[in-house]
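Okay, entry17.txt is below, compact mmCIF, C-alpha atoms:
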```txt
# COMPACT_ATOMS: atom_id res chain seq x y z
CA MET J 1 9.77 -24.53 0.70
CA THR J 2 12.38 -22.28 2.33
CA LYS J 3 12.81 -22.90 6.03
CA LYS J 4 11.76 -20.01 8.25
CA ILE J 5 14.58 -18.06 9.89
CA THR J 6 14.07 -17.91 13.66
CA MET J 7 15.45 -15.75 16.44
CA GLN J 8 17.24 -18.81 17.79
CA GLN J 9 19.12 -19.19 14.50
CA ILE J 10 20.18 -15.55 14.67
CA ALA J 11 21.30 -16.09 18.27
CA ASP J 12 23.31 -19.18 17.32
CA HIS J 13 24.90 -17.31 14.42
CA LEU J 14 26.09 -14.52 16.73
CA GLY J 15 26.87 -16.64 19.77
CA VAL J 16 24.38 -14.78 21.99
CA SER J 17 21.17 -15.76 23.74
CA LYS J 18 17.76 -15.74 22.10
CA PHE J 19 16.74 -13.26 24.80
CA VAL J 20 19.33 -10.74 23.51
CA VAL J 21 18.09 -11.16 19.93
CA SER J 22 14.48 -10.72 21.01
CA LYS J 23 15.34 -7.54 22.93
CA ALA J 24 17.28 -6.08 20.01
CA LEU J 25 14.61 -6.83 17.42
CA SER J 26 11.74 -5.66 19.60
CA GLY J 27 13.25 -2.21 20.13
CA LYS J 28 13.23 -2.62 23.89
CA GLY J 29 16.09 -1.62 26.18
CA GLY J 30 18.56 -3.96 27.80
CA VAL J 31 21.08 -4.31 24.97
CA SER J 32 23.81 -1.93 23.83
CA GLU J 33 23.62 -0.07 20.54
CA SER J 34 26.57 -2.02 19.15
CA THR J 35 24.90 -5.34 20.02
CA LYS J 36 21.62 -4.14 18.53
CA GLU J 37 23.40 -3.22 15.28
CA ARG J 38 25.07 -6.65 15.16
CA VAL J 39 21.72 -8.39 15.63
CA ILE J 40 19.98 -6.27 12.96
CA GLN J 41 22.79 -6.91 10.49
CA ALA J 42 22.82 -10.66 11.15
CA ALA J 43 19.03 -10.83 10.87
CA SER J 44 19.19 -9.07 7.53
CA GLN J 45 21.99 -11.27 6.20
CA LEU J 46 20.15 -14.44 7.20
CA GLY J 47 16.98 -13.24 5.47
CA TYR J 48 14.89 -12.69 8.61
CA PHE J 49 13.46 -9.33 7.50
CA ALA J 50 12.77 -10.57 3.99
CA GLN J 51 10.37 -13.20 5.28
CA LYS J 52 6.75 -12.49 4.62
CA ASN J 53 5.05 -11.23 7.76
CA ALA J 54 8.24 -11.31 9.85
CA TYR J 55 6.64 -8.73 12.11
CA MET J 56 3.34 -8.05 10.38
CA LYS J 57 0.40 -7.40 12.64
CA ASN J 58 -3.04 -8.12 11.28
CA VAL J 59 -3.87 -4.49 10.73
CA ARG J 60 -6.45 -4.02 8.00
CA ARG J 61 -5.61 -1.24 5.55
CA ASP J 62 -7.96 -0.72 2.66
CA VAL J 63 -6.95 1.52 -0.19
CA PRO J 64 -9.68 4.15 -0.58
CA THR J 65 -11.08 5.18 -3.90
CA ALA J 66 -10.99 8.85 -4.89
CA GLY J 67 -13.79 10.77 -3.28
CA ALA J 68 -14.61 8.02 -0.81
CA GLY J 69 -16.71 9.20 2.07
CA GLY J 70 -16.08 8.83 5.79
CA ASN J 71 -13.02 9.84 7.78
CA LYS J 72 -10.06 10.96 5.70
CA GLN J 73 -7.23 8.47 5.88
CA SER J 74 -3.61 9.61 5.89
CA VAL J 75 -0.15 8.64 4.76
CA LEU J 76 2.79 9.31 7.04
CA VAL J 77 5.72 11.10 5.37
CA LEU J 78 8.96 10.74 7.30
CA MET J 79 11.76 13.17 6.45
CA PRO J 80 14.13 13.65 9.39
CA ASN J 81 15.13 17.31 9.58
CA ILE J 82 18.85 16.69 9.23
CA ARG J 83 21.64 18.46 7.39
CA PHE J 84 20.12 20.29 4.42
CA GLN J 85 17.33 17.72 4.11
CA THR J 86 14.38 19.97 4.94
CA ARG J 87 10.98 20.98 3.57
CA ASP J 88 12.50 24.27 2.38
CA SER J 89 15.11 22.48 0.28
CA LEU J 90 15.03 23.17 -3.46
CA TYR J 91 15.36 19.41 -3.95
CA TRP J 92 13.55 17.62 -1.12
CA GLY J 93 10.76 20.19 -0.98
CA LYS J 94 9.82 19.42 -4.59
CA ILE J 95 9.53 15.71 -3.79
CA LEU J 96 7.18 16.58 -0.93
CA ASP J 97 5.13 18.73 -3.33
CA GLY J 98 4.70 15.70 -5.59
CA ILE J 99 3.63 13.48 -2.69
CA SER J 100 1.16 16.08 -1.46
CA ALA J 101 -0.35 16.69 -4.90
CA ARG J 102 -0.94 12.98 -5.59
CA LEU J 103 -2.43 12.33 -2.15
CA GLU J 104 -4.79 15.25 -2.60
CA GLU J 105 -5.88 13.92 -5.99
CA ILE J 106 -6.98 10.62 -4.47
CA GLY J 107 -8.48 12.08 -1.30
CA LEU J 108 -5.83 11.12 1.26
CA GLY J 109 -4.28 13.25 3.97
CA MET J 110 -0.57 13.65 4.70
CA VAL J 111 1.16 13.77 8.08
CA ILE J 112 4.76 14.97 7.89
CA ILE J 113 7.14 13.89 10.66
CA SER J 114 10.70 15.17 10.97
CA GLU J 115 11.37 13.35 14.24
CA GLN J 116 14.74 11.66 14.65
CA SER J 117 14.16 10.15 18.11
CA ILE J 118 12.85 6.59 18.01
CA ASP J 119 10.95 7.02 21.28
CA HIS J 120 9.17 10.16 20.10
CA PHE J 121 8.53 8.58 16.71
CA LEU J 122 6.79 5.60 18.32
CA HIS J 123 4.72 7.94 20.46
CA ILE J 124 3.49 9.75 17.35
CA LEU J 125 2.97 6.62 15.28
CA ASN J 126 -0.49 5.09 15.28
CA PRO J 127 -0.52 2.31 12.71
CA ASN J 128 -4.28 1.85 12.99
CA GLY J 129 -4.87 5.39 11.75
CA ILE J 130 -2.28 5.42 8.95
CA LEU J 131 -2.31 3.64 5.60
CA GLY J 132 1.45 3.53 5.19
CA LEU J 133 4.68 5.48 5.22
CA ILE J 134 6.77 7.27 2.60
CA GLY J 135 10.34 7.97 3.68
CA VAL J 136 12.06 10.88 1.95
CA GLY J 137 15.86 11.03 1.90
CA GLU J 138 18.28 9.59 4.42
CA ILE J 139 16.58 7.79 7.34
CA SER J 140 18.33 5.76 10.02
CA THR J 141 18.09 1.98 10.10
CA SER J 142 16.71 2.18 13.64
CA LEU J 143 13.70 4.24 12.56
CA LEU J 144 13.03 2.03 9.55
CA LEU J 145 13.22 -1.04 11.77
CA GLU J 146 10.40 0.36 13.91
CA VAL J 147 8.25 0.86 10.80
CA HIS J 148 9.02 -2.65 9.59
CA ARG J 149 8.38 -4.13 13.03
CA ILE J 150 4.78 -2.93 13.24
CA GLY J 151 4.05 -4.01 9.67
CA LEU J 152 3.45 -0.55 8.23
CA PRO J 153 3.81 -0.62 4.42
CA MET J 154 6.55 1.77 3.30
CA VAL J 155 8.23 3.21 0.24
CA LEU J 156 11.55 5.08 0.34
CA VAL J 157 12.37 7.93 -2.03
CA ASP J 158 16.02 8.54 -2.98
CA HIS J 159 17.21 6.23 -0.22
CA GLU J 160 17.56 2.54 0.45
CA ASP J 161 18.61 0.75 3.58
CA PRO J 162 21.11 -2.11 3.27
CA LEU J 163 19.36 -4.04 6.06
CA ILE J 164 15.65 -3.21 6.01
CA PRO J 165 13.83 -4.29 2.81
CA SER J 166 11.38 -1.90 1.14
CA ASP J 167 10.18 -0.55 -2.17
CA THR J 168 12.39 2.33 -3.37
CA ILE J 169 12.14 5.17 -5.89
CA PHE J 170 15.24 6.66 -7.54
CA VAL J 171 16.16 8.64 -10.61
CA ASN J 172 18.37 6.60 -12.97
CA ASN J 173 21.53 8.12 -11.49
CA TYR J 174 23.97 5.76 -13.19
CA ASP J 175 22.66 6.19 -16.72
CA CYS J 176 22.37 9.97 -16.47
CA MET J 177 25.88 10.49 -15.13
CA SER J 178 27.24 8.06 -17.70
CA ARG J 179 25.57 10.04 -20.50
CA LEU J 180 26.87 13.34 -19.13
CA THR J 181 30.44 12.03 -18.81
CA LYS J 182 30.40 10.63 -22.34
CA HIS J 183 29.19 13.98 -23.67
CA LEU J 184 32.13 15.77 -22.10
CA ILE J 185 34.52 13.25 -23.60
CA GLY J 186 32.80 13.79 -26.93
CA ILE J 187 33.49 17.54 -26.84
CA GLY J 188 37.15 17.01 -26.16
CA HIS J 189 37.62 16.63 -22.39
CA LYS J 190 40.11 13.98 -21.36
CA ARG J 191 41.19 15.22 -17.91
CA MET J 192 38.21 15.26 -15.57
CA ASN J 193 37.41 14.89 -11.87
CA PHE J 194 34.34 13.94 -9.89
CA ILE J 195 33.66 16.16 -6.85
CA GLY J 196 31.45 14.95 -4.01
CA ASN J 197 31.20 12.60 -1.05
CA ALA J 198 30.68 9.24 -2.74
CA ARG J 199 29.75 7.72 0.63
CA TYR J 200 27.00 10.23 1.44
CA SER J 201 24.11 8.44 -0.26
CA ARG J 202 23.26 5.69 -2.73
CA SER J 203 22.56 8.34 -5.38
CA PHE J 204 25.97 10.00 -4.94
CA HIS J 205 27.66 6.59 -5.01
CA ASP J 206 25.90 5.56 -8.22
CA ARG J 207 26.85 8.87 -9.89
CA TRP J 208 30.49 8.40 -8.92
CA ILE J 209 30.55 4.77 -10.12
CA ALA J 210 29.08 5.82 -13.48
CA PHE J 211 31.72 8.53 -13.92
CA ARG J 212 34.51 6.10 -13.00
CA SER J 213 33.18 3.39 -15.32
CA VAL J 214 33.07 5.71 -18.34
CA LEU J 215 36.68 6.81 -17.76
CA GLU J 216 37.74 3.18 -17.47
CA GLU J 217 35.87 2.22 -20.64
CA ASN J 218 37.58 5.03 -22.53
CA GLN J 219 40.98 4.32 -20.93
CA LEU J 220 41.36 7.92 -19.75
CA GLN J 221 43.71 9.03 -16.97
CA THR J 222 44.63 5.40 -16.28
CA ASP J 223 47.80 6.51 -14.48
CA MET J 224 45.82 8.85 -12.19
CA LYS J 225 42.92 6.69 -10.94
CA GLU J 226 43.41 7.83 -7.37
CA GLU J 227 42.84 11.41 -8.60
CA TRP J 228 39.49 10.76 -10.27
CA LEU J 229 37.51 11.50 -7.10
CA PHE J 230 37.86 14.57 -4.91
CA GLN J 231 36.14 13.35 -1.76
CA LEU J 232 34.48 16.23 0.05
CA GLU J 233 34.27 16.15 3.84
CA GLY J 234 31.40 17.33 6.00
CA ILE J 235 27.90 18.20 4.87
CA GLN J 236 27.98 21.76 3.52
CA ASP J 237 30.14 24.84 2.76
CA PHE J 238 32.27 23.05 0.19
CA GLN J 239 33.57 26.18 -1.53
CA GLU J 240 36.73 26.48 0.57
CA GLN J 241 37.56 22.77 0.20
CA ILE J 242 37.23 23.00 -3.57
CA LYS J 243 39.29 26.21 -3.67
CA LEU J 244 42.19 24.61 -1.77
CA TRP J 245 41.99 21.51 -3.97
CA ALA J 246 42.10 23.63 -7.14
CA ILE J 247 45.14 25.53 -5.85
CA ARG J 248 46.98 22.23 -5.30
CA LYS J 249 46.00 21.06 -8.78
CA GLN J 250 47.18 24.31 -10.36
CA ARG J 251 50.56 24.15 -8.64
CA ALA J 252 51.03 20.56 -9.78
CA GLY J 253 50.00 21.42 -13.33
CA GLN J 254 47.11 18.94 -13.07
CA LEU J 255 44.03 21.17 -13.12
CA PRO J 256 41.28 19.24 -14.93
CA THR J 257 39.51 20.67 -17.94
CA ALA J 258 36.15 19.68 -16.42
CA VAL J 259 34.66 18.72 -13.07
CA LEU J 260 31.46 16.73 -12.67
CA CYS J 261 29.83 17.41 -9.30
CA ALA J 262 27.60 15.08 -7.29
CA ASN J 263 24.83 17.69 -7.19
CA ASP J 264 24.03 21.28 -8.13
CA MET J 265 24.83 22.80 -4.75
CA ILE J 266 28.37 21.40 -4.92
CA ALA J 267 28.68 22.60 -8.53
CA ILE J 268 27.64 26.14 -7.54
CA ASP J 269 30.27 26.11 -4.77
CA ALA J 270 32.80 24.92 -7.35
CA VAL J 271 31.96 27.77 -9.74
CA ASN J 272 32.34 30.29 -6.90
CA ALA J 273 35.64 28.74 -5.80
CA PHE J 274 37.05 28.86 -9.33
CA ASN J 275 35.91 32.48 -9.74
CA GLU J 276 37.82 33.41 -6.57
CA LEU J 277 40.95 31.96 -8.13
CA GLY J 278 40.43 33.88 -11.34
CA LEU J 279 39.39 30.77 -13.28
CA ALA J 280 36.56 31.49 -15.69
CA VAL J 281 33.81 28.91 -16.15
CA PRO J 282 33.68 27.44 -18.76
CA HIS J 283 36.60 29.16 -20.54
CA ASP J 284 39.20 27.77 -18.11
CA ILE J 285 37.27 24.84 -16.63
CA SER J 286 33.87 23.27 -17.37
CA VAL J 287 31.51 22.44 -14.48
CA THR J 288 28.41 20.22 -14.30
CA GLY J 289 25.89 19.54 -11.56
CA PHE J 290 23.04 17.10 -10.95
CA ASP J 291 19.38 17.58 -9.83
CA ASN J 292 18.40 20.75 -11.76
CA ILE J 293 17.35 22.79 -8.74
CA GLU J 294 16.12 26.32 -9.46
CA ASP J 295 19.49 27.87 -8.60
CA ALA J 296 21.11 25.78 -11.36
CA TYR J 297 19.82 28.05 -14.12
CA ARG J 298 20.06 31.24 -12.06
CA THR J 299 23.79 30.94 -11.43
CA LYS J 300 26.25 32.55 -13.87
CA PRO J 301 26.97 30.75 -16.06
CA ALA J 302 23.85 28.57 -15.97
CA LEU J 303 24.74 25.00 -14.97
CA THR J 304 24.75 22.02 -17.24
CA THR J 305 23.03 19.44 -15.06
CA VAL J 306 20.65 16.48 -14.93
CA ASN J 307 16.99 17.19 -14.43
CA VAL J 308 15.66 14.93 -11.69
CA PRO J 309 11.84 14.80 -11.99
CA LYS J 310 11.39 15.45 -8.28
CA GLU J 311 7.60 15.91 -8.21
CA ALA J 312 7.18 12.80 -10.38
CA MET J 313 9.24 10.79 -7.89
CA GLY J 314 6.95 11.94 -5.08
CA LYS J 315 3.83 11.01 -7.04
CA LYS J 316 5.27 7.63 -7.97
CA ALA J 317 6.01 6.92 -4.31
CA VAL J 318 2.34 7.40 -3.47
CA GLU J 319 1.26 5.09 -6.29
CA GLN J 320 3.76 2.44 -5.24
CA LEU J 321 2.63 2.63 -1.62
CA LEU J 322 -1.00 2.07 -2.61
CA LEU J 323 0.08 -0.86 -4.77
CA ARG J 324 2.06 -2.32 -1.85
CA ILE J 325 -0.93 -1.98 0.50
CA ASP J 326 -3.15 -3.75 -2.04
CA LYS J 327 -0.63 -6.47 -2.97
CA LYS J 328 1.49 -7.17 0.09
CA GLN J 329 2.87 -10.46 -1.19
CA GLU J 330 4.26 -9.12 -4.46
CA PRO J 331 8.10 -8.85 -4.73
CA LEU J 332 9.59 -5.56 -3.58
CA GLU J 333 10.53 -3.16 -6.37
CA LYS J 334 13.29 -0.65 -7.05
CA ILE J 335 11.82 1.84 -9.48
CA LEU J 336 14.03 4.10 -11.61
CA ILE J 337 12.57 7.31 -13.02
CA LEU J 338 14.22 8.65 -16.16
CA GLY J 339 16.25 11.83 -15.78
CA GLU J 340 17.29 14.21 -18.56
CA VAL J 341 20.63 15.90 -19.20
CA ILE J 342 20.20 19.67 -19.52
CA TYR J 343 23.00 21.33 -21.49
CA ARG J 344 23.71 24.93 -20.49
CA GLU J 345 26.57 27.45 -20.53
CA SER J 346 28.86 25.97 -17.84
CA ILE J 347 30.61 23.61 -20.28
CA THR J 348 32.46 24.20 -23.54
CA ARG J 349 34.28 22.35 -26.28
CA LEU J 350 38.00 22.30 -25.75
CA VAL J 351 38.60 23.33 -29.35
CA GLN J 352 36.70 26.56 -28.63
CA LYS J 353 38.78 27.12 -25.54
CA GLN J 354 42.06 26.55 -27.38
CA HIS J 355 41.19 28.97 -30.19
CA SER J 356 39.67 31.69 -28.01
```
As a first step, turn the structure in this file into structure tokens.
Amino acid sequence: MTKKITMQQIADHLGVSKFVVSKALSGKGGVSESTKERVIQAASQLGYFAQKNAYMKNVRRDVPTAGAGGNKQSVLVLMPNIRFQTRDSLYWGKILDGISARLEEIGLGMVIISEQSIDHFLHILNPNGILGLIGVGEISTSLLLEVHRIGLPMVLVDHEDPLIPSDTIFVNNYDCMSRLTKHLIGIGHKRMNFIGNARYSRSFHDRWIAFRSVLEENQLQTDMKEEWLFQLEGIQDFQEQIKLWAIRKQRAGQLPTAVLCANDMIAIDAVNAFNELGLAVPHDISVTGFDNIEDAYRTKPALTTVNVPKEAMGKKAVEQLLLRIDKKQEPLEKILILGEVIYRESITRLVQKQHS
């Protein structure tokens, strides 16, 4: 039987007192943020959080059956209102729609919280009145630690934390981007770039790794590996960055025949940037996106992209949360939902381009 990891072991590992570890893991004051981060990371590496009932309180949570009488129980949905991650988003909003629809089907309520402050979050949180939590998008480790500490079952959608264990729901980012990249190679493209911040999220990272792997497998651009990724900076308004990048590529005679973007919003900015430079899509350069938001088929030309079943991901998160509540001791799961490549007018065969 595996020996239980204790706070004293974490303290010995870091060379600090058990009191410091206790303070950091309890969420109380008295330790600096840097020390708290070190303690959380060490605890995770040593397997402290992965232990069954590391923090779990004996809070009874029964999964209701559809149409059950009595007070309506609720699920907490945490989606910090940061960057473009909002309820009005063409991407995140659809995931929320899926969560809401499934909860309504089984007679549960939904409480949406966009709070980023840990103190305010704890004030709102009442574990006795909530079945569990569904986190949507990027959420800080500190907030997730609070959820884990009180023993609230949780499922994360399109996000995973490297330190705090939980069930997660993703689209199969790697496979979809791999398929899309191979298709472009199949229609004649041999000089391609990936555009996006590969560090922004696990999904973006997986899409970039898939693109890179396919180029390596096909031994394309082996002398230009450092050029495969155009790393965007910041969180929005990428059009100007892409425009300046394309100008540099043109001057160097290295403009790719296709760019694969980390998501549709970046792809739309890329199309607009190329149009400003007098580059026609797809005649001069092919462009693809990822997510299949509504604007993807409204833009001219309509974007080739990957359809992420956003509502289905939301519904699956609800089902996984109920399963976790019912079977707490089962191994945590990372669930991949199949996505579908949607071929539209923003890409073309190179033979067509050459003979046009």
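Restricting the calculation to only C-alpha atoms, the smallest distance between J:Thr222 and any of J:Glu105, J:Glu319, J:Ile113, J:Arg191 is found for J:Arg191.
For the choices J:Leu180, J:Val259, J:Leu144, J:Val111, the atom-to-atom distance to J:Ile130 is smallest for J:Val111 when using only C-alpha atoms.
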If you take only C-alpha atoms and a cut-off of 8 Å, which residues of stretch 93-118 of chain J touch stretch 308-311 of chain J, and what are their nearest atom pairs and distances in Å to one decimal, in chain and number order, as a Markdown table?
```
| residue | atom | partner | partner_atom | distance |
| --- | --- | --- | --- | --- |
| J:Lys94 | CA | J:Glu311 | CA | 5.5 |
| J:Ile95 | CA | J:Glu311 | CA | 4.8 |
| J:Leu96 | CA | J:Glu311 | CA | 7.3 |
| J:Asp97 | CA | J:Glu311 | CA | 6.2 |
| J:Gly98 | CA | J:Glu311 | CA | 3.9 |
| J:Ile99 | CA | J:Glu311 | CA | 7.2 |
```
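Of note, atom CA of J:Ala302 and atom CA of J:Arg199 are spaced 27.3 Å apart.
For the choices J:Pro301, J:Gly107, J:Gly47, J:Gly188, the atom-to-atom distance to J:Thr257 is smallest for J:Gly188 when using only C-alpha atoms.
Residues with any atom within 9 Å of J:Phe170, counting all atoms listed in the file and excluding same-chain neighbours fewer than 2 positions away, are Leu156, Val157, Asp158, His159, Thr168, Asn172, Asn173, Ser203, Met313, Lys334, Ile335, Leu336, Ile337 and Leu338 of chain J.
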Written file, previous selection with C-alpha atoms, as a CSV table (one decimal), keeping the file's coordinate frame:
```csv
chain,number,residue,atom,x,y,z
J,156,LEU,CA,11.6,5.1,0.3
J,157,VAL,CA,12.4,7.9,-2.0
J,158,ASP,CA,16.0,8.5,-3.0
J,159,HIS,CA,17.2,6.2,-0.2
J,168,THR,CA,12.4,2.3,-3.4
J,172,ASN,CA,18.4,6.6,-13.0
J,173,ASN,CA,21.5,8.1,-11.5
J,203,SER,CA,22.6,8.3,-5.4
J,313,MET,CA,9.2,10.8,-7.9
J,334,LYS,CA,13.3,-0.6,-7.0
J,335,ILE,CA,11.8,1.8,-9.5
J,336,LEU,CA,14.0,4.1,-11.6
J,337,ILE,CA,12.6,7.3,-13.0
J,338,LEU,CA,14.2,8.6,-16.2
```
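Using all atoms listed in the file for every distance, the candidate list J:Leu244, J:Tyr91, J:Ile325, J:Tyr343 yields J:Tyr91 as the residue closest to J:Asp295.
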